[in-house]
Every structure is written in structure tokens, then in C-alpha cells.
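Undergrad: Before anything else, here's the structure in question.
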Amino acid sequence: MTRVAVIGGGIGGLTAAQELAERNIAVEVYEASDRFGGKARSYPVAQHGPLHGEHGFRFFPAFYRHVVETMERIPTAEGTVADNLVVTEETLVASTDQPAQRARTGQPESVREWMQTLRPAFIDDLPPEDRAFLLERFLYILTACDQRREHELDNVSWWEFIDADNRSEALRERLASATQALVALRPRLASARTMGVIYLQLLFGQMDPTRPAERILNGPTSEVWIRPWVEYLDSLDVELHASTPVERLLFDGRRITGAERTDGNRIEADEFVLAVPVHVAPSFVTPEIARAASELEGIERLDTAWMNGVQFYLSTDISLTRGHQVYTDSPWALTSISQRQFWSGHDFETTAPDDVEGVLSVIASDWETPGIVYGIPARACTRAEIATEVWEQLKAHLNATEDVLTDDVLVEWFLDPAIVETNDGVENRSPLLINTVGSLKHRPSAETSIENLTIAGDFVRTNSDLASMESANEAGRRAANAILRRHQPTTQAATIWELAEPAVFEPFRRHDRLQYRLGLPHPGEVTQSARSFVNRLGVRG
Ligand SMILES: Cc1cc2nc3c(=O)[nH]c(=O)nc-3n(C[C@H](O)[C@H](O)[C@H](O)COP(=O)(O)OP(=O)(O)OC[C@H]3O[C@@H](n4cnc5c(N)ncnc54)[C@H](O)[C@@H]3O)c2cc1C
């Protein structure tokens, strides 16, 4: 029987384990921490008994297919883990000087609702020339062939592509900040390819009547997803070793002959799946391994940024909106979810301490910009200062017109334990991969040039190319498929889905494929250069 060792028990590693174990392959998973789930797991908050903390809340937009299908195969007492996904209804867009706005996240059901959905994306506040420009940019992405997206659009930043410096504040706000709030994409750093494609996927998701635009979990992640997952893997005879960090891979110049645990014990297997985070993976790529699989050298050129959460436990449940909150003027790029209203799968009443009635889970995505209380970036603060600063930024938004969040309701806070204090601020033990211009070429495929080594993590090249649970899951499937091809070629492979795009643009993309092969520019580029020319003459248009 083929034996597979999976190193790392996050979403990528557990997905690979499930796909293989369901096909009767013997799998062992080695996880460094005492809990499985990686960045997606939640933690019991030690000083407050059964309260839960987390790296940050989880969001599942409509275009996620891989991770949701995996959840549909994990049984629970009542059904499957996918039943624990609940649909959001609206996003609260809060600012410090204007009344908050509410944007629907549900599907439009009438022509009026369709208009309401489309207006904020294309019409409201935008000067007419920006509306036309915006449409043109989206059409460019939709009609560009894959090769052009990969070799041209991946090498230009989204900021440049949308000509953000020369456009209205409203367009910058719409196209630049909106995505940073919910997905780990930085408009100035991310490529036009990834940011454009993901932005459109989020937009299509809002218009697709067959699937909810976005969902979140109905309880703490480890409780409603990771624990049933681990139990399911256990039932498939997967051997799960928590608190077992692996030090290195042993390589004989041709294949991986074993792996060495930090405690000195050796792991024997026929196949090895490396499913550790992007900042850990390079330590496994020795010069000998890099010589045999040069595609792995690119991993250390991939960039990470900080995106970490803090939870505020409140004496009153302040539900805000049934969805996300986005804090547009917060220097630390805050987003939140008021969780209690969604937690039907979690017995909050009997498990939470008597003085806690609500949980506001917040993610900070900008750790470089000075805050409003101490005037320094989050990186330079202590843990307590971070919590205070985040709380004050929330208050500045939520209390813009009336007092919604007040100090007297705050019982306790919990900051991601990956944020560790040092002499000059904090360090982050769990940075997150971010997409940067030109990074696609550094992302390895799940199948490597070493005959028994595969990679399963969110930094692997996947269809969505986004640091997410969806990408990690797709990577796990791809790693499992590579192993199946070698050892059970007749077994049905795990399904991999392309990102769905409107069929109406396919003829244009086919045409662009031809143009690209002939070395000709995309028609959109012509208008773009005409505009630059006009701009150089000092005329805005
Ligand atoms: C605050 C925050 C919010 C997020 N929100 C979302 C969201 O809403 N939706 C979404 O899709 N994605 C979200 N993400 C991204 C998503 O969580 C990650 O992209 C995904 O979970 C990565 O999974 P992974 O398996 O690739 O890696 P990881 O989760 O990093 O798992 C790798 C595992 O390897 C283990 N490991 C490390 N070193 C070793 C070693 N030497 N030996 C053995 N094991 C080792 C680690 O302990 C870890 O468990 C968020 C991320 C953050 C930080």
C-alpha cells in the first residue's frame, strides 16, 4: 500500500489527506502546533474559559467551489460541515464623518434590486469619464486571453492598470480599497491579473442567482469545521500527529527518502506532501533539492504581509449588520463581523461566561500606517496598544452619528497569539502570502520535478491564485492528484474547477489568443495609450 506523509495540517494538508484517504491510500499528517487547521483554526481563550479566539473570521464568496465541496463531504451528526455555512445579507460601510451605508450582499430579485446592486459598482459617485474607463478596464480583463493575463497583466499593478493616481477619489475607493477589505490583495502591490479577476468574480457572485454571494460559518471554525474534519479523517484511518514539527526532508539526489522530525525521529513514506506555510517552506528547500527542482527556488521570492485579528467580547450583543463591516477611514484597514447573530451552530448561551453576550471579531490588514491613538503603526505597538488602537478606530467609525460602541460594554479582548511582543514592537509568527506584481512565475505547481514530492499550500499555483482557503484546498487536491497519477492511475482524480466566466466573452478571448500569438496588443491597450498621450498634453479625458 502506498504511504504518504503530509507535513503541515492546515487546509492544504488536510485536503490532500482527505482526497488520498478516501481513495484508500495510507496517510499520516504531521502538524507542528497542538491543533489542526493552520491559519483557519480557532483557539480556546485560556483566561476566559470557553470563549473562542481566531486569526481572523472566515469568509466564503460565491466563487469558492473546491473548499465548499470538501466541506460537503465531511459528515456531522445532522448532515455535513457545509450546512454550517450561513448566508450574509448586507455589508456595513462605515466612515468617520458620514452616516454609514449598507450594501446588499444577497442576490437581486427584481430589476430595481439589480440596479441597486450595480449602482455602487459602476454608477454612484463616479464622474462620467471614470464610469466609461471602469467599464473599459473590466472589458479588457474579460476579453484578454490566459496568456496575456499571465504574461502581461501579471506584470502590471492593479493601481497602474486602473490609472488610480489620475482618477477620481470615488474610483480609487471603489476599485482600490474595496478588495483589500475582504481579501488579502493590496491594490498598489497586487497584479492587475489577480486583482481584476478576483474583483470580477466577487461581482459575478453578487449577480448569480444560483449561489449565495457570500457565506460565513455558524460557529468558531475549529468547532464547526476543523474538529468534524479531523474526526472524519480519523475514521478514514488517517494517522494525525499534532505537536510534531518536522525539521527537514532527506534527499538522495533523485527522490525524498524520508523526513526528520524535530525530536530526531525519522518519517518513512513513499510520497511526501509539503503543506507548510509560505514563510516556512524555503527552510525545506535545501540547495540539493533546489538543484533537482529549480521551480522551488521561487518560493522564497514570494511576499507576505500581516493580516491578523482581534476579538472583542462584549457585555451587550451589538449585531451591527448581518454581514461584514468595512471601516473605510481606518488607517489599519479594519473589517469586522459581529458573530453572535450567526452562531446558531455554537452553544453560546451555556458556554460563554455570564458577562459576555456578544463577540466582535476584527481583522487589521494594514500594520504599517500610524494609528489614531499612539500615532505609530501596529507593528511598533505592544499587544495592549494594538487592542486599544483597534477599539478606538472602530468607535471613531461606528459612533460617527450616534453612540453604538461604548467603553462600558467591553469585557475582554483577545489578539491573535501569532503576534508576539519584542523589544521594539511586535513580530508576526504567522504572516500571510500576498499577491504581488510578477509573482505568478515564482509560484510552484503542486507537482514538483522531484518524483515523490508534492506541495499543498495557499502559495501553490491555482486557478484563483489568491492566499485563501480556496487556493489551499485546490492545491491539496492537485497534490493528491499527482500522487494518484503515479500510484493509482485508474482512480478517479479529485475535481479541479476553472473560475467561471461569462461565456459571452469567450469568442473575444479566442480572438485575443490569436492576437497575442501574433505579438499584437489587446485592443484595450490602444485606448489606454491614447489616454496617456492626451494626459501628457495636459487634457483630462
Ligand atoms: C486573519 C486572516 C483571515 C483570513 N480570512 C480568510 C477568509 O475569510 N477566507 C479565505 O479563504 N481565506 C482567509 N485567510 C487565508 C487562509 O486562512 C489561508 O490562506 C489558508 O488557511 C492557508 O492554508 P495552508 O494550508 O496553505 O497554510 P496554513 O494554514 O499556514 O497551514 C500550514 C500548517 O503547517 C504547520 N507547520 C508549519 N511548520 C511546520 C513544520 N515544520 N512541521 C509540521 N507542520 C508545520 C502550521 O502549524 C500550519 O498548521 C485568512 C488568513 C488570515 C491570516
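Naming works like this for the C-alpha cells: A, B, ... for the chains as they're shown, residue 1 at the start of each chain, ligands 1 onward in shown order.
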Compute the set of protein, DNA and RNA residues whose minimum atom distance to ligand 1 is at most 6 Å, using only C-alpha atoms and all ligand atoms, and state it as a PDB file with C-alpha atoms, in the first residue's frame.
TA:
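Ended up saving to result_23.pdb:
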```
ATOM      1  CA  ILE A   7       3.878  17.802   6.555  1.00  0.00           C
ATOM      2  CA  GLY A   8       1.546  20.534   7.845  1.00  0.00           C
ATOM      3  CA  GLY A   9      -2.071  20.172   8.948  1.00  0.00           C
ATOM      4  CA  GLY A  10      -3.657  23.371   7.590  1.00  0.00           C
ATOM      5  CA  ILE A  11      -6.352  23.463   4.902  1.00  0.00           C
ATOM      6  CA  GLY A  12      -3.889  22.379   2.181  1.00  0.00           C
ATOM      7  CA  GLY A  13      -2.506  19.415   4.138  1.00  0.00           C
ATOM      8  CA  TYR A  30       2.487  15.768  10.908  1.00  0.00           C
ATOM      9  CA  GLU A  31       1.436  19.108  12.385  1.00  0.00           C
ATOM     10  CA  ALA A  32       3.789  21.376  14.362  1.00  0.00           C
ATOM     11  CA  SER A  33       1.138  23.002  16.523  1.00  0.00           C
ATOM     12  CA  PHE A  36      -5.011  21.242  13.184  1.00  0.00           C
ATOM     13  CA  GLY A  37      -6.433  23.843  10.801  1.00  0.00           C
ATOM     14  CA  GLY A  38      -3.428  26.190  10.432  1.00  0.00           C
ATOM     15  CA  LYS A  39      -4.446  29.810   9.883  1.00  0.00           C
ATOM     16  CA  ALA A  40      -8.107  28.804   9.701  1.00  0.00           C
ATOM     17  CA  HIS A  55      -6.519  34.516  13.454  1.00  0.00           C
ATOM     18  CA  GLY A  56      -9.499  36.201  11.807  1.00  0.00           C
ATOM     19  CA  PHE A  57     -13.076  35.478  10.720  1.00  0.00           C
ATOM     20  CA  ARG A  58     -13.712  33.309   7.629  1.00  0.00           C
ATOM     21  CA  PHE A  59     -15.494  34.441   4.507  1.00  0.00           C
ATOM     22  CA  PHE A  60     -16.607  32.186   1.627  1.00  0.00           C
ATOM     23  CA  PRO A 245       7.100  19.558  13.892  1.00  0.00           C
ATOM     24  CA  VAL A 246       9.188  18.269  11.014  1.00  0.00           C
ATOM     25  CA  GLU A 247      12.701  19.615  10.611  1.00  0.00           C
ATOM     26  CA  ALA A 275       1.944  21.634   3.280  1.00  0.00           C
ATOM     27  CA  VAL A 276       3.693  24.196   5.493  1.00  0.00           C
ATOM     28  CA  PRO A 277       3.158  27.994   5.235  1.00  0.00           C
ATOM     29  CA  VAL A 280       8.385  28.081   6.362  1.00  0.00           C
ATOM     30  CA  MET A 307      -3.328  40.316   8.408  1.00  0.00           C
ATOM     31  CA  ASN A 308      -4.332  39.388  11.935  1.00  0.00           C
ATOM     32  CA  GLY A 309      -7.395  39.548  14.074  1.00  0.00           C
ATOM     33  CA  ILE A 363      -9.176  41.949  11.199  1.00  0.00           C
ATOM     34  CA  LEU A 432       0.075  35.716   5.118  1.00  0.00           C
ATOM     35  CA  GLY A 457      -0.398  25.264   0.399  1.00  0.00           C
ATOM     36  CA  ASP A 458      -2.009  28.562  -0.496  1.00  0.00           C
ATOM     37  CA  ALA A 467      -3.968  33.490  -0.497  1.00  0.00           C
ATOM     38  CA  SER A 468      -7.120  31.772   0.661  1.00  0.00           C
ATOM     39  CA  MET A 469      -8.655  28.581   1.948  1.00  0.00           C
ATOM     40  CA  GLU A 470      -9.958  28.011  -1.588  1.00  0.00           C
ATOM     41  CA  ALA A 472      -5.011  25.938  -0.268  1.00  0.00           C
TER      42      ALA A 472
END
```
Undergrad: As a list in words, please: all residues of range 280-445 of chain A that backbone DSSP puts in alpha helix (DSSP H).
TA: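 Answer for range 280-445 of chain A, restricted to alpha helix (DSSP H): Pro287, Glu288, Ile289, Ala290, Arg291, Ala292, Phe348, Glu349, Thr350, Thr351, Arg383, Ala384, Glu385, Ile386, Ala387, Thr388, Glu389, Val390, Trp391, Glu392, Gln393, Leu394, Lys395, Ala396, His397 and Leu398 of chain A.
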Undergrad: Need the shell around Ser430 in chain A: protein/DNA/RNA residues with any atom at most 8 Å away, counting only C-alpha atoms. Skip same-chain ones fewer than 3 positions apart. Format as a list in words?
TA: Lys39, Trp306, Ala418 and Ile419 of chain A
Undergrad: Can you tell me, as number ranges by chain, which residues in range 203-331 of chain A count as strand (DSSP E or B) by DSSP?
TA: A: 214-217, 239-241, 246-251, 256-261, 266-267, 271-274, 303-305, 308-314, 324-327
Undergrad: Write out the residues from the selection above, keeping C-alpha atoms, as a short mmCIF file (atom, residue, chain, number, x, y, z; two decimals), in the first residue's frame.
TA:
```
data_model
loop_
_atom_site.label_atom_id
_atom_site.label_comp_id
_atom_site.auth_asym_id
_atom_site.auth_seq_id
_atom_site.Cartn_x
_atom_site.Cartn_y
_atom_site.Cartn_z
CA GLU A 214 -21.01 35.22 0.40
CA ARG A 215 -21.21 32.94 3.38
CA ILE A 216 -19.58 32.66 6.77
CA LEU A 217 -19.53 29.93 9.44
CA GLU A 239 -2.83 8.99 11.34
CA LEU A 240 -2.86 12.51 12.76
CA HIS A 241 0.18 13.65 14.73
CA VAL A 246 9.19 18.27 11.01
CA GLU A 247 12.70 19.62 10.61
CA ARG A 248 13.81 18.62 7.12
CA LEU A 249 13.39 16.40 4.11
CA LEU A 250 16.03 13.76 3.36
CA PHE A 251 17.01 13.66 -0.29
CA ILE A 256 12.84 12.11 -0.96
CA THR A 257 13.95 9.18 1.17
CA GLY A 258 12.41 10.33 4.43
CA ALA A 259 11.82 13.31 6.70
CA GLU A 260 13.32 14.14 10.05
CA ARG A 261 11.14 15.30 12.90
CA ARG A 266 12.53 9.71 11.13
CA ILE A 267 9.41 9.54 8.97
CA GLU A 271 5.38 10.14 -1.06
CA PHE A 272 5.84 13.46 0.78
CA VAL A 273 3.40 16.37 0.66
CA LEU A 274 4.89 19.64 1.90
CA ASP A 303 5.91 38.11 -0.37
CA THR A 304 3.98 38.06 2.85
CA ALA A 305 2.12 40.76 4.75
CA ASN A 308 -4.33 39.39 11.93
CA GLY A 309 -7.40 39.55 14.07
CA VAL A 310 -8.52 40.75 17.47
CA GLN A 311 -11.79 39.72 19.09
CA PHE A 312 -13.69 41.96 21.48
CA TYR A 313 -16.01 40.20 23.94
CA LEU A 314 -18.91 42.47 24.82
CA HIS A 324 -19.29 42.36 7.26
CA GLN A 325 -18.42 45.82 8.40
CA VAL A 326 -15.81 47.75 6.44
CA TYR A 327 -14.18 50.79 8.13
#
```
Undergrad: Which residue is closest to Asp130 in chain A? Choose from A:Thr88, A:Ser168, A:Thr105, A:Thr495 and count only C-alpha atoms.
TA: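 Closest to Asp130 in chain A, using only C-alpha atoms: A:Ser168.
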Undergrad: For Ala164 in chain A, list every protein, DNA or RNA residue within 10 Å, evaluated using only C-alpha atoms, and leave out those in the same chain fewer than 3 positions away; present the list as a list in words.
TA: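 Using only C-alpha atoms, the neighbours found are Trp158, Trp159, Glu160, Phe161, Arg167, Ser168, Glu169, Leu171, Arg172, Glu173, Leu175, Ala176, Pro187 and Arg188 of chain A.
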Undergrad: Suppose we keep N, CA and C atoms; can you now write the selection as a compact mmCIF listing (two decimals), in the first residue's frame?
TA:
```txt
# COMPACT_ATOMS: atom_id res chain seq x y z
N TRP A 158 -2.33 46.53 -10.21
CA TRP A 158 -3.73 46.92 -10.34
C TRP A 158 -3.86 48.44 -10.29
N TRP A 159 -3.07 49.06 -9.44
CA TRP A 159 -3.09 50.53 -9.27
C TRP A 159 -2.79 51.23 -10.60
N GLU A 160 -1.75 50.72 -11.26
CA GLU A 160 -1.35 51.27 -12.56
C GLU A 160 -2.43 51.00 -13.60
N PHE A 161 -2.92 49.77 -13.58
CA PHE A 161 -3.88 49.33 -14.59
C PHE A 161 -5.15 50.19 -14.54
N ARG A 167 -7.22 59.26 -11.38
CA ARG A 167 -8.68 59.09 -11.41
C ARG A 167 -9.32 59.72 -10.17
N SER A 168 -10.65 59.68 -10.14
CA SER A 168 -11.36 60.31 -9.03
C SER A 168 -11.16 59.52 -7.73
N GLU A 169 -11.34 60.20 -6.62
CA GLU A 169 -11.24 59.55 -5.31
C GLU A 169 -12.27 58.41 -5.23
N LEU A 171 -13.40 56.48 -7.60
CA LEU A 171 -12.96 55.28 -8.32
C LEU A 171 -11.87 54.56 -7.52
N ARG A 172 -10.96 55.35 -6.96
CA ARG A 172 -9.89 54.73 -6.13
C ARG A 172 -10.52 53.95 -4.99
N GLU A 173 -11.48 54.59 -4.35
CA GLU A 173 -12.17 53.99 -3.20
C GLU A 173 -12.82 52.67 -3.62
N LEU A 175 -12.37 50.75 -6.43
CA LEU A 175 -11.58 49.68 -7.01
C LEU A 175 -10.34 49.33 -6.22
N ALA A 176 -9.88 50.29 -5.44
CA ALA A 176 -8.63 50.03 -4.75
C ALA A 176 -8.89 49.47 -3.36
N PRO A 187 -3.97 46.88 -3.43
CA PRO A 187 -4.14 47.45 -4.77
C PRO A 187 -2.86 47.98 -5.40
N ARG A 188 -1.92 48.51 -4.59
CA ARG A 188 -0.69 49.05 -5.18
C ARG A 188 0.31 47.95 -5.50
```
Undergrad: Which one of A:Ile376, A:Leu520, A:Leu398, A:Leu415 sits closest to Ser361 in chain A if you count only C-alpha atoms?
TA: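 For Ser361 in chain A, the nearest of the given residues is A:Leu415.
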Undergrad: Give the answer as one residue: which of A:Leu410, A:Pro489, A:Glu129, A:Asn481 has the shortest atom-to-atom distance to Asn166 in chain A, using only C-alpha atoms?
TA: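 Result for the nearest residue to Asn166 in chain A: A:Glu129.
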Undergrad: Which one is closest to Asn435 in chain A: A:Asp208, A:Asp465, A:Glu402, A:Asp366? Count only C-alpha atoms.
TA: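 Between A:Asp208, A:Asp465, A:Glu402, A:Asp366, the residue approaching Asn435 in chain A most closely is A:Asp465.
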Undergrad: What is the distance, in Å and to one decimal place, between CA of Ala62 in chain A and CA of Ala100 in chain A?
TA: 25.1 Å
Undergrad: Rank A:Arg486, A:Arg513, A:His397, A:Arg301 by their smallest atom-to-atom distance to Pro444 in chain A, using only C-alpha atoms, and report the top residue only.
TA: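 With only C-alpha atoms as the atom set, the closest residue is A:Arg301.
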Undergrad: Between A:Phe505, A:Phe138, A:Tyr43, A:Tyr374, which is the closest to Glu223 in chain A once you count only C-alpha atoms?
TA: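 With only C-alpha atoms as the atom set, the closest residue is A:Tyr43.
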Undergrad: Skipping near chain neighbours, those fewer than 2 positions away, what residues fall within 12 Å of Pro228 in chain A using only C-alpha atoms, listed as a list in words?
TA: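 Counting only C-alpha atoms, the residues come to Leu14, Phe36, Gly37, Met71, Glu72, Arg73, Ile74, Pro75, Thr76, Ala77, Glu78, Gly79, Thr80, Val81, Ala82, Asn84, Thr221, Ser222, Glu223, Val224, Trp225, Ile226, Val230, Glu231, Tyr232, Leu233, Asp234 and Ser235 of chain A.
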Undergrad: Those residues with N, CA and C atoms, as a PDB file, in the first residue's frame please?
TA:
```pdb
ATOM      1  N   LEU A  14      -4.704  19.022   5.093  1.00  0.00           N
ATOM      2  CA  LEU A  14      -5.867  18.179   5.429  1.00  0.00           C
ATOM      3  C   LEU A  14      -6.654  17.818   4.170  1.00  0.00           C
ATOM      4  N   PHE A  36      -4.994  21.239  14.652  1.00  0.00           N
ATOM      5  CA  PHE A  36      -5.011  21.242  13.184  1.00  0.00           C
ATOM      6  C   PHE A  36      -5.805  22.450  12.673  1.00  0.00           C
ATOM      7  N   GLY A  37      -5.647  22.752  11.404  1.00  0.00           N
ATOM      8  CA  GLY A  37      -6.433  23.843  10.801  1.00  0.00           C
ATOM      9  C   GLY A  37      -5.581  25.019  10.363  1.00  0.00           C
ATOM     10  N   MET A  71     -16.101  20.509   2.158  1.00  0.00           N
ATOM     11  CA  MET A  71     -16.947  20.601   3.362  1.00  0.00           C
ATOM     12  C   MET A  71     -18.206  19.747   3.209  1.00  0.00           C
ATOM     13  N   GLU A  72     -18.699  19.651   1.973  1.00  0.00           N
ATOM     14  CA  GLU A  72     -19.908  18.842   1.729  1.00  0.00           C
ATOM     15  C   GLU A  72     -19.653  17.354   1.954  1.00  0.00           C
ATOM     16  N   ARG A  73     -18.392  16.962   1.983  1.00  0.00           N
ATOM     17  CA  ARG A  73     -18.073  15.535   2.183  1.00  0.00           C
ATOM     18  C   ARG A  73     -17.666  15.221   3.628  1.00  0.00           C
ATOM     19  N   ILE A  74     -17.672  16.228   4.498  1.00  0.00           N
ATOM     20  CA  ILE A  74     -17.305  15.969   5.901  1.00  0.00           C
ATOM     21  C   ILE A  74     -18.592  15.810   6.713  1.00  0.00           C
ATOM     22  N   PRO A  75     -18.846  14.600   7.225  1.00  0.00           N
ATOM     23  CA  PRO A  75     -20.128  14.388   7.902  1.00  0.00           C
ATOM     24  C   PRO A  75     -20.171  15.010   9.305  1.00  0.00           C
ATOM     25  N   THR A  76     -21.360  15.422   9.714  1.00  0.00           N
ATOM     26  CA  THR A  76     -21.611  15.823  11.109  1.00  0.00           C
ATOM     27  C   THR A  76     -22.823  15.018  11.565  1.00  0.00           C
ATOM     28  N   ALA A  77     -23.220  15.175  12.826  1.00  0.00           N
ATOM     29  CA  ALA A  77     -24.359  14.403  13.336  1.00  0.00           C
ATOM     30  C   ALA A  77     -25.617  14.711  12.522  1.00  0.00           C
ATOM     31  N   GLU A  78     -25.748  15.966  12.065  1.00  0.00           N
ATOM     32  CA  GLU A  78     -27.000  16.360  11.383  1.00  0.00           C
ATOM     33  C   GLU A  78     -26.891  16.353   9.863  1.00  0.00           C
ATOM     34  N   GLY A  79     -25.723  16.373   9.294  1.00  0.00           N
ATOM     35  CA  GLY A  79     -25.592  16.484   7.839  1.00  0.00           C
ATOM     36  C   GLY A  79     -24.129  16.556   7.460  1.00  0.00           C
ATOM     37  N   THR A  80     -23.718  17.693   6.912  1.00  0.00           N
ATOM     38  CA  THR A  80     -22.301  17.864   6.587  1.00  0.00           C
ATOM     39  C   THR A  80     -21.845  19.233   7.100  1.00  0.00           C
ATOM     40  N   VAL A  81     -20.526  19.419   7.092  1.00  0.00           N
ATOM     41  CA  VAL A  81     -19.952  20.677   7.558  1.00  0.00           C
ATOM     42  C   VAL A  81     -20.424  21.857   6.695  1.00  0.00           C
ATOM     43  N   ALA A  82     -20.712  21.580   5.404  1.00  0.00           N
ATOM     44  CA  ALA A  82     -21.167  22.676   4.532  1.00  0.00           C
ATOM     45  C   ALA A  82     -22.494  23.259   5.022  1.00  0.00           C
ATOM     46  N   ASN A  84     -23.004  24.174   7.823  1.00  0.00           N
ATOM     47  CA  ASN A  84     -22.657  25.203   8.820  1.00  0.00           C
ATOM     48  C   ASN A  84     -22.296  26.546   8.190  1.00  0.00           C
ATOM     49  N   THR A 221     -14.492  28.341  13.974  1.00  0.00           N
ATOM     50  CA  THR A 221     -14.041  27.460  12.873  1.00  0.00           C
ATOM     51  C   THR A 221     -13.663  26.054  13.353  1.00  0.00           C
ATOM     52  N   SER A 222     -12.899  25.994  14.426  1.00  0.00           N
ATOM     53  CA  SER A 222     -12.448  24.662  14.861  1.00  0.00           C
ATOM     54  C   SER A 222     -13.631  23.816  15.311  1.00  0.00           C
ATOM     55  N   GLU A 223     -14.628  24.476  15.895  1.00  0.00           N
ATOM     56  CA  GLU A 223     -15.765  23.726  16.410  1.00  0.00           C
ATOM     57  C   GLU A 223     -16.666  23.203  15.295  1.00  0.00           C
ATOM     58  N   VAL A 224     -16.968  24.074  14.305  1.00  0.00           N
ATOM     59  CA  VAL A 224     -17.968  23.677  13.305  1.00  0.00           C
ATOM     60  C   VAL A 224     -17.366  23.125  12.017  1.00  0.00           C
ATOM     61  N   TRP A 225     -16.042  23.154  11.903  1.00  0.00           N
ATOM     62  CA  TRP A 225     -15.436  22.636  10.666  1.00  0.00           C
ATOM     63  C   TRP A 225     -14.225  21.736  10.953  1.00  0.00           C
ATOM     64  N   ILE A 226     -13.201  22.289  11.654  1.00  0.00           N
ATOM     65  CA  ILE A 226     -11.944  21.536  11.750  1.00  0.00           C
ATOM     66  C   ILE A 226     -12.116  20.271  12.619  1.00  0.00           C
ATOM     67  N   VAL A 230     -11.250  16.552  11.358  1.00  0.00           N
ATOM     68  CA  VAL A 230     -10.228  15.672  11.953  1.00  0.00           C
ATOM     69  C   VAL A 230     -10.870  14.327  12.338  1.00  0.00           C
ATOM     70  N   GLU A 231     -12.102  14.385  12.853  1.00  0.00           N
ATOM     71  CA  GLU A 231     -12.788  13.126  13.220  1.00  0.00           C
ATOM     72  C   GLU A 231     -13.052  12.278  11.971  1.00  0.00           C
ATOM     73  N   TYR A 232     -13.431  12.943  10.893  1.00  0.00           N
ATOM     74  CA  TYR A 232     -13.694  12.217   9.645  1.00  0.00           C
ATOM     75  C   TYR A 232     -12.407  11.567   9.125  1.00  0.00           C
ATOM     76  N   LEU A 233     -11.300  12.332   9.165  1.00  0.00           N
ATOM     77  CA  LEU A 233     -10.019  11.776   8.692  1.00  0.00           C
ATOM     78  C   LEU A 233      -9.612  10.597   9.561  1.00  0.00           C
ATOM     79  N   ASP A 234      -9.864  10.727  10.851  1.00  0.00           N
ATOM     80  CA  ASP A 234      -9.558   9.643  11.781  1.00  0.00           C
ATOM     81  C   ASP A 234     -10.365   8.381  11.394  1.00  0.00           C
ATOM     82  N   SER A 235     -11.635   8.601  10.997  1.00  0.00           N
ATOM     83  CA  SER A 235     -12.477   7.457  10.615  1.00  0.00           C
ATOM     84  C   SER A 235     -11.984   6.805   9.319  1.00  0.00           C
TER      85      SER A 235
END
```
Undergrad: Between CA of Glu412 in chain A and CA of Val356 in chain A, what is the distance in Å, rounded to a tenth?
TA: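 Separation between CA of Glu412 in chain A and CA of Val356 in chain A: 8.8 Å.
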